[in-house]
>>> print(open('structure_18.cif').read())   # mmCIF, C-alpha atoms
data_query
#
loop_
_atom_site.group_PDB
_atom_site.id
_atom_site.type_symbol
_atom_site.label_atom_id
_atom_site.label_comp_id
_atom_site.auth_asym_id
_atom_site.auth_seq_id
_atom_site.Cartn_x
_atom_site.Cartn_y
_atom_site.Cartn_z
ATOM 1 C CA MET A 23 8.686 28.226 -13.666
ATOM 2 C CA SER A 24 7.457 27.196 -10.225
ATOM 3 C CA ILE A 25 8.814 24.819 -7.623
ATOM 4 C CA ALA A 26 6.204 22.279 -8.733
ATOM 5 C CA ASP A 27 7.828 22.052 -12.162
ATOM 6 C CA LEU A 28 10.996 20.540 -10.712
ATOM 7 C CA PRO A 29 11.632 17.049 -9.312
ATOM 8 C CA PRO A 30 10.709 16.731 -5.622
ATOM 9 C CA THR A 31 13.357 17.080 -2.925
ATOM 10 C CA SER A 32 12.251 13.933 -1.116
ATOM 11 C CA GLY A 33 14.390 11.523 -3.135
ATOM 12 C CA GLN A 34 17.023 9.937 -0.919
ATOM 13 C CA PHE A 35 20.698 9.681 -1.741
ATOM 14 C CA ALA A 36 21.471 6.172 -2.960
ATOM 15 C CA MET A 37 22.001 3.571 -0.249
ATOM 16 C CA PRO A 38 24.034 0.411 -1.005
ATOM 17 C CA PRO A 39 22.237 -2.975 -0.784
ATOM 18 C CA PHE A 40 24.076 -4.089 2.349
ATOM 19 C CA PRO A 41 24.247 -2.959 5.993
ATOM 20 C CA VAL A 42 25.497 0.618 6.377
ATOM 21 C CA ARG A 43 25.299 3.348 8.984
ATOM 22 C CA ARG A 44 24.943 7.085 8.955
ATOM 23 C CA PHE A 45 27.710 9.270 10.366
ATOM 24 C CA SER A 46 27.312 12.483 12.300
ATOM 25 C CA VAL A 47 29.190 15.581 11.171
ATOM 26 C CA ALA A 48 31.485 15.241 14.206
ATOM 27 C CA GLU A 49 32.247 11.602 13.385
ATOM 28 C CA TYR A 50 32.945 12.476 9.752
ATOM 29 C CA GLN A 51 35.337 15.237 10.764
ATOM 30 C CA HIS A 52 37.062 12.868 13.184
ATOM 31 C CA LEU A 53 37.668 10.370 10.362
ATOM 32 C CA THR A 54 39.513 13.134 8.540
ATOM 33 C CA GLU A 55 41.432 14.273 11.609
ATOM 34 C CA VAL A 56 42.779 10.772 12.330
ATOM 35 C CA GLY A 57 43.635 10.117 8.684
ATOM 36 C CA LEU A 58 41.010 7.470 7.898
ATOM 37 C CA LEU A 59 39.717 9.816 5.220
ATOM 38 C CA GLN A 60 42.171 11.721 3.027
ATOM 39 C CA GLU A 61 41.652 14.843 0.921
ATOM 40 C CA ASP A 62 42.144 12.836 -2.271
ATOM 41 C CA ASP A 63 39.400 10.348 -1.303
ATOM 42 C CA SER A 64 36.958 12.687 -3.103
ATOM 43 C CA VAL A 65 33.969 12.125 -0.830
ATOM 44 C CA GLU A 66 31.470 14.317 1.020
ATOM 45 C CA LEU A 67 28.916 13.787 3.787
ATOM 46 C CA LEU A 68 25.307 14.141 2.599
ATOM 47 C CA GLU A 69 22.577 13.647 5.198
ATOM 48 C CA GLY A 70 24.794 11.276 7.158
ATOM 49 C CA TRP A 71 26.002 9.227 4.169
ATOM 50 C CA ILE A 72 29.614 9.341 3.026
ATOM 51 C CA VAL A 73 29.268 9.480 -0.756
ATOM 52 C CA LYS A 74 31.712 9.750 -3.615
ATOM 53 C CA LYS A 75 31.814 13.120 -5.341
ATOM 54 C CA MET A 76 30.847 13.357 -9.001
ATOM 55 C CA THR A 77 33.426 13.290 -11.787
ATOM 56 C CA LYS A 78 33.989 16.733 -13.325
ATOM 57 C CA ASN A 79 34.479 17.498 -17.015
ATOM 58 C CA PRO A 80 36.356 20.485 -18.527
ATOM 59 C CA LEU A 81 33.195 22.576 -19.085
ATOM 60 C CA HIS A 82 32.198 22.149 -15.441
ATOM 61 C CA ASP A 83 35.618 23.184 -14.148
ATOM 62 C CA ALA A 84 35.921 26.101 -16.564
ATOM 63 C CA THR A 85 32.512 27.395 -15.450
ATOM 64 C CA VAL A 86 33.521 27.162 -11.783
ATOM 65 C CA ASP A 87 36.749 29.039 -12.546
ATOM 66 C CA LEU A 88 34.853 31.716 -14.473
ATOM 67 C CA LEU A 89 32.311 32.236 -11.692
ATOM 68 C CA LEU A 90 35.093 32.366 -9.110
ATOM 69 C CA GLN A 91 36.807 35.098 -11.106
ATOM 70 C CA MET A 92 33.623 37.090 -11.749
ATOM 71 C CA LEU A 93 32.343 36.929 -8.171
ATOM 72 C CA GLY A 94 35.759 37.828 -6.794
ATOM 73 C CA ARG A 95 35.688 41.056 -8.800
ATOM 74 C CA LEU A 96 32.143 41.941 -7.737
ATOM 75 C CA LEU A 97 32.213 41.258 -3.998
ATOM 76 C CA THR A 98 32.594 44.070 -1.501
ATOM 77 C CA THR A 99 34.851 44.018 1.552
ATOM 78 C CA GLY A 100 33.599 41.574 4.152
ATOM 79 C CA TRP A 101 32.775 38.758 1.705
ATOM 80 C CA PHE A 102 34.859 36.276 -0.269
ATOM 81 C CA VAL A 103 34.371 33.207 -2.469
ATOM 82 C CA ARG A 104 35.218 29.660 -1.368
ATOM 83 C CA ALA A 105 35.630 27.051 -4.103
ATOM 84 C CA GLN A 106 34.775 23.371 -3.489
ATOM 85 C CA ASN A 107 35.383 23.612 0.264
ATOM 86 C CA VAL A 108 33.374 22.156 3.148
ATOM 87 C CA LEU A 109 30.126 23.784 4.269
ATOM 88 C CA LEU A 110 28.456 22.466 7.430
ATOM 89 C CA THR A 111 24.821 21.705 8.209
ATOM 90 C CA SER A 112 23.498 19.688 11.149
ATOM 91 C CA ASP A 113 23.882 16.369 9.293
ATOM 92 C CA SER A 114 25.973 17.123 6.215
ATOM 93 C CA ALA A 115 29.372 18.381 5.106
ATOM 94 C CA PRO A 116 28.943 18.988 1.372
ATOM 95 C CA GLU A 117 31.621 20.637 -0.726
ATOM 96 C CA PRO A 118 29.653 22.903 -3.076
ATOM 97 C CA ASP A 119 31.327 24.292 -6.153
ATOM 98 C CA LEU A 120 31.180 27.871 -4.844
ATOM 99 C CA VAL A 121 30.093 29.635 -1.666
ATOM 100 C CA ILE A 122 30.015 33.339 -0.835
ATOM 101 C CA ALA A 123 31.072 33.445 2.802
ATOM 102 C CA PRO A 124 31.306 36.339 5.243
ATOM 103 C CA GLY A 125 34.609 37.574 6.588
ATOM 104 C CA LYS A 126 37.988 36.561 5.238
ATOM 105 C CA PRO A 127 39.748 33.223 4.569
ATOM 106 C CA GLN A 128 41.716 33.228 7.813
ATOM 107 C CA ASP A 129 38.432 33.284 9.780
ATOM 108 C CA TYR A 130 37.979 29.604 8.833
ATOM 109 C CA ARG A 131 41.334 28.176 9.854
ATOM 110 C CA ARG A 132 39.761 26.276 12.758
ATOM 111 C CA GLN A 133 36.185 25.777 11.642
ATOM 112 C CA HIS A 134 34.172 25.452 8.460
ATOM 113 C CA PRO A 135 31.390 27.963 7.794
ATOM 114 C CA GLN A 136 27.826 27.032 8.731
ATOM 115 C CA ALA A 137 25.212 26.930 5.973
ATOM 116 C CA HIS A 138 23.044 29.630 7.544
ATOM 117 C CA GLU A 139 25.981 32.067 7.637
ATOM 118 C CA VAL A 140 26.707 32.200 3.909
ATOM 119 C CA ALA A 141 25.122 34.486 1.333
ATOM 120 C CA LEU A 142 25.018 32.063 -1.592
ATOM 121 C CA VAL A 143 25.707 28.436 -2.504
ATOM 122 C CA ILE A 144 26.339 27.539 -6.161
ATOM 123 C CA GLU A 145 26.448 24.098 -7.744
ATOM 124 C CA VAL A 146 27.467 23.801 -11.409
ATOM 125 C CA ALA A 147 25.501 20.883 -12.841
ATOM 126 C CA ASP A 148 25.956 18.691 -15.876
ATOM 127 C CA SER A 149 26.063 14.980 -15.020
ATOM 128 C CA SER A 150 25.532 15.975 -11.371
ATOM 129 C CA LEU A 151 22.114 17.614 -11.902
ATOM 130 C CA ASP A 152 20.105 14.919 -10.106
ATOM 131 C CA ARG A 153 22.355 15.080 -7.041
ATOM 132 C CA ASP A 154 22.383 18.888 -7.058
ATOM 133 C CA LEU A 155 18.575 18.935 -7.111
ATOM 134 C CA LYS A 156 18.505 16.539 -4.156
ATOM 135 C CA LYS A 157 20.902 18.830 -2.331
ATOM 136 C CA ARG A 158 18.123 21.434 -2.214
ATOM 137 C CA ARG A 159 16.779 19.628 0.830
ATOM 138 C CA LEU A 160 19.970 19.673 2.885
ATOM 139 C CA TYR A 161 20.749 23.280 1.903
ATOM 140 C CA ALA A 162 17.224 24.387 2.827
ATOM 141 C CA ASN A 163 17.435 22.449 6.102
ATOM 142 C CA GLY A 164 20.705 24.203 6.835
ATOM 143 C CA GLY A 165 19.241 27.650 6.251
ATOM 144 C CA VAL A 166 21.083 28.566 3.041
ATOM 145 C CA ARG A 167 19.405 31.807 2.003
ATOM 146 C CA VAL A 168 20.061 31.535 -1.737
ATOM 147 C CA TYR A 169 20.954 28.426 -3.743
ATOM 148 C CA TRP A 170 21.897 28.575 -7.422
ATOM 149 C CA ILE A 171 22.149 25.620 -9.786
ATOM 150 C CA VAL A 172 23.981 26.532 -12.984
ATOM 151 C CA ASP A 173 22.475 23.962 -15.344
ATOM 152 C CA LEU A 174 24.963 23.515 -18.179
ATOM 153 C CA ASN A 175 22.700 21.060 -20.012
ATOM 154 C CA ALA A 176 19.654 23.352 -20.145
ATOM 155 C CA GLY A 177 21.735 26.528 -20.370
ATOM 156 C CA CYS A 178 19.953 28.206 -17.485
ATOM 157 C CA LEU A 179 20.290 29.295 -13.866
ATOM 158 C CA ASP A 180 17.820 27.968 -11.279
ATOM 159 C CA VAL A 181 17.529 30.288 -8.280
ATOM 160 C CA PHE A 182 16.099 28.943 -5.014
ATOM 161 C CA THR A 183 15.246 31.263 -2.113
ATOM 162 C CA ASP A 184 13.090 31.438 1.042
ATOM 163 C CA PRO A 185 14.315 28.250 2.795
ATOM 164 C CA ASP A 186 12.026 26.389 5.185
ATOM 165 C CA THR A 187 14.477 24.792 7.616
ATOM 166 C CA LEU A 188 11.859 22.448 9.086
ATOM 167 C CA ALA A 189 10.384 21.146 5.829
ATOM 168 C CA GLY A 190 13.692 21.172 3.960
ATOM 169 C CA VAL A 191 12.330 23.034 0.940
ATOM 170 C CA PHE A 192 12.832 26.387 -0.722
ATOM 171 C CA GLY A 193 9.645 28.410 -1.000
ATOM 172 C CA ARG A 194 10.551 30.217 -4.181
ATOM 173 C CA HIS A 195 12.130 29.166 -7.467
ATOM 174 C CA GLN A 196 13.039 31.254 -10.502
ATOM 175 C CA ARG A 197 14.603 30.069 -13.762
ATOM 176 C CA LEU A 198 16.779 32.585 -15.591
ATOM 177 C CA LEU A 199 18.023 32.301 -19.170
ATOM 178 C CA PRO A 200 20.717 34.333 -20.956
ATOM 179 C CA PRO A 201 20.911 37.245 -21.572
ATOM 180 C CA ALA A 202 19.201 37.868 -18.207
ATOM 181 C CA ASN A 203 21.169 39.052 -15.212
ATOM 182 C CA ALA A 204 21.259 37.291 -11.845
ATOM 183 C CA THR A 205 21.192 39.606 -8.841
ATOM 184 C CA LEU A 206 22.203 38.783 -5.286
ATOM 185 C CA LEU A 207 21.495 40.984 -2.281
ATOM 186 C CA LEU A 208 24.063 40.536 0.465
ATOM 187 C CA ALA A 209 23.231 40.751 4.166
ATOM 188 C CA ASP A 210 25.010 44.110 4.485
ATOM 189 C CA GLY A 211 22.774 45.628 1.801
ATOM 190 C CA ALA A 212 25.303 45.435 -1.034
ATOM 191 C CA GLU A 213 24.024 44.051 -4.337
ATOM 192 C CA ILE A 214 25.965 42.193 -7.013
ATOM 193 C CA THR A 215 24.806 41.412 -10.544
ATOM 194 C CA LEU A 216 26.058 38.633 -12.818
ATOM 195 C CA SER A 217 25.528 38.497 -16.578
ATOM 196 C CA LEU A 218 24.367 35.001 -17.528
ATOM 197 C CA ALA A 219 25.520 35.614 -21.087
ATOM 198 C CA GLU A 220 29.064 35.597 -19.723
ATOM 199 C CA VAL A 221 28.539 32.464 -17.623
ATOM 200 C CA LEU A 222 26.577 30.109 -19.859
ATOM 201 C CA PRO A 223 28.167 29.316 -23.220
ATOM 202 C CA ALA A 224 26.261 29.923 -26.438
ATOM 203 C CA ASP A 225 25.557 26.923 -28.677
ATOM 204 C CA ASP A 226 28.422 27.811 -30.985
ATOM 205 C CA ASP A 227 31.011 28.217 -28.184
#
>>> encode(input="structure_18.cif", output="structure tokens")
Amino acid sequence: MSIADLPPTSGQFAMPPFPVRRFSVAEYQHLTEVGLLQEDDSVELLEGWIVKKMTKNPLHDATVDLLLQMLGRLLTTGWFVRAQNVLLTSDSAPEPDLVIAPGKPQDYRRQHPQAHEVALVIEVADSSLDRDLKKRRLYANGGVRVYWIVDLNAGCLDVFTDPDTLAGVFGRHQRLLPPANATLLLADGAEITLSLAEVLPADDD
């Protein structure tokens, strides 16, 4: 499957039918620092808009937990998995389901990781598929090297690579179906391989 087979990345995140304004990443972080936004507000900053995060069902959360466990076992020293934490781009502060970040957790006590620093961003999609497809643009703009969408509805993994940070698009797309394996090459040369048969449930599960 090619990039052309997927919806375009140009669709904008929904804007309410009344006057609004975009926020910078610094302004958004300040709202959190002064307590105007709380952790339980369940929002994220996408291309300057403060938007409500999608509701998650049990299959979504179980898949995130499974991937977190699997990736944690596979990663070499110098990398770790962040789950549903902030990732920064120039105009966004999304909270992707999973991120493989360099270093160790204590490296991010004072700052969130930048999109171009991480090895992989994963979104697990069911009802959130449309939003996760739109997020391709902000992740590509931010320089995310590899973006995975685990599509629970279609039972597949969409792999996006070769980001164009100016155009906000990924140059390459591959769709993988079980029982294929998904391979990720880390910046230090290490390679990890995930079995999709273990990640995506069979019809009778």
>>> resolve_selection(input="structure_18.cif", expression="the PyMOL selection byres ((chain A and resi 78) around 10)", output="PyMOL selection string")
chain A and resi 75-77+79-83+146-150
>>> resolve_selection(input="structure_18.cif", expression="the PyMOL selection byres ((chain A and resi 137) around 9)", output="PyMOL selection string")
chain A and resi 109-111+135-136+138-141+143+161-167
>>> atom_distance(input="structure_18.cif", atom1="atom CA of Ile72 of chain A", atom2="atom CA of Trp101 of chain A")
29.6 Å
>>> closest_residue(input="structure_18.cif", among="A:Val47, A:Ala105, A:Ala202, A:Ile214", to="Val121 of chain A", atoms="only C-alpha atoms")
A:Ala105
>>> atom_distance(input="structure_18.cif", atom1="atom CA of Ser114 of chain A", atom2="atom CA of Lys74 of chain A")
13.6 Å
>>> residues_around(input="structure_18.cif", residues="segment 207-209 of chain A", least_positions_apart="2", cutoff="12 Å", atoms="only C-alpha atoms", output="list of chain:residue names")
A:Leu96, A:Leu97, A:Thr98, A:Thr99, A:Gly100, A:Trp101, A:Phe102, A:Ile122, A:Ala123, A:Pro124, A:His138, A:Glu139, A:Val140, A:Ala141, A:Leu142, A:Arg167, A:Val168, A:Thr183, A:Ala204, A:Thr205, A:Gly211, A:Ala212, A:Glu213, A:Ile214, A:Thr215, A:Leu216
>>> closest_residue(input="structure_18.cif", among="A:Gly70, A:Pro127, A:Gly94, A:Pro223", to="Asn107 of chain A", atoms="only C-alpha atoms")
A:Pro127
>>> residues_around(input="structure_18.cif", residues="Arg197 of chain A", least_positions_apart="6", cutoff="8 Å", atoms="all atoms listed in the file", output="ChimeraX atom specification")
/A:23,178-181
>>> atom_distance(input="structure_18.cif", atom1="atom CA of Leu67 of chain A", atom2="atom CA of Pro116 of chain A")
5.7 Å
>>> closest_residue(input="structure_18.cif", among="A:Gln91, A:Thr85, A:Gln133, A:Ser64", to="Glu117 of chain A", atoms="only C-alpha atoms")
A:Ser64
>>> resolve_selection(input="structure_18.cif", expression="the PyMOL selection byres ((chain A and resi 221) around 9)", output="VMD selection string")
chain A and resid 85 88 to 89 172 200 216 to 220 222 to 223
>>> write_last_selection(input="structure_18.cif", atoms="C-alpha atoms", output="compact mmCIF listing (two decimals), in the frame of the given file")
# COMPACT_ATOMS: atom_id res chain seq x y z
CA THR A 85 32.51 27.40 -15.45
CA LEU A 88 34.85 31.72 -14.47
CA LEU A 89 32.31 32.24 -11.69
CA VAL A 172 23.98 26.53 -12.98
CA PRO A 200 20.72 34.33 -20.96
CA LEU A 216 26.06 38.63 -12.82
CA SER A 217 25.53 38.50 -16.58
CA LEU A 218 24.37 35.00 -17.53
CA ALA A 219 25.52 35.61 -21.09
CA GLU A 220 29.06 35.60 -19.72
CA LEU A 222 26.58 30.11 -19.86
CA PRO A 223 28.17 29.32 -23.22
>>> residues_around(input="structure_18.cif", residues="Asp184 of chain A", least_positions_apart="3", cutoff="6 Å", atoms="all atoms listed in the file", output="PyMOL selection string")
chain A and resi 192-194
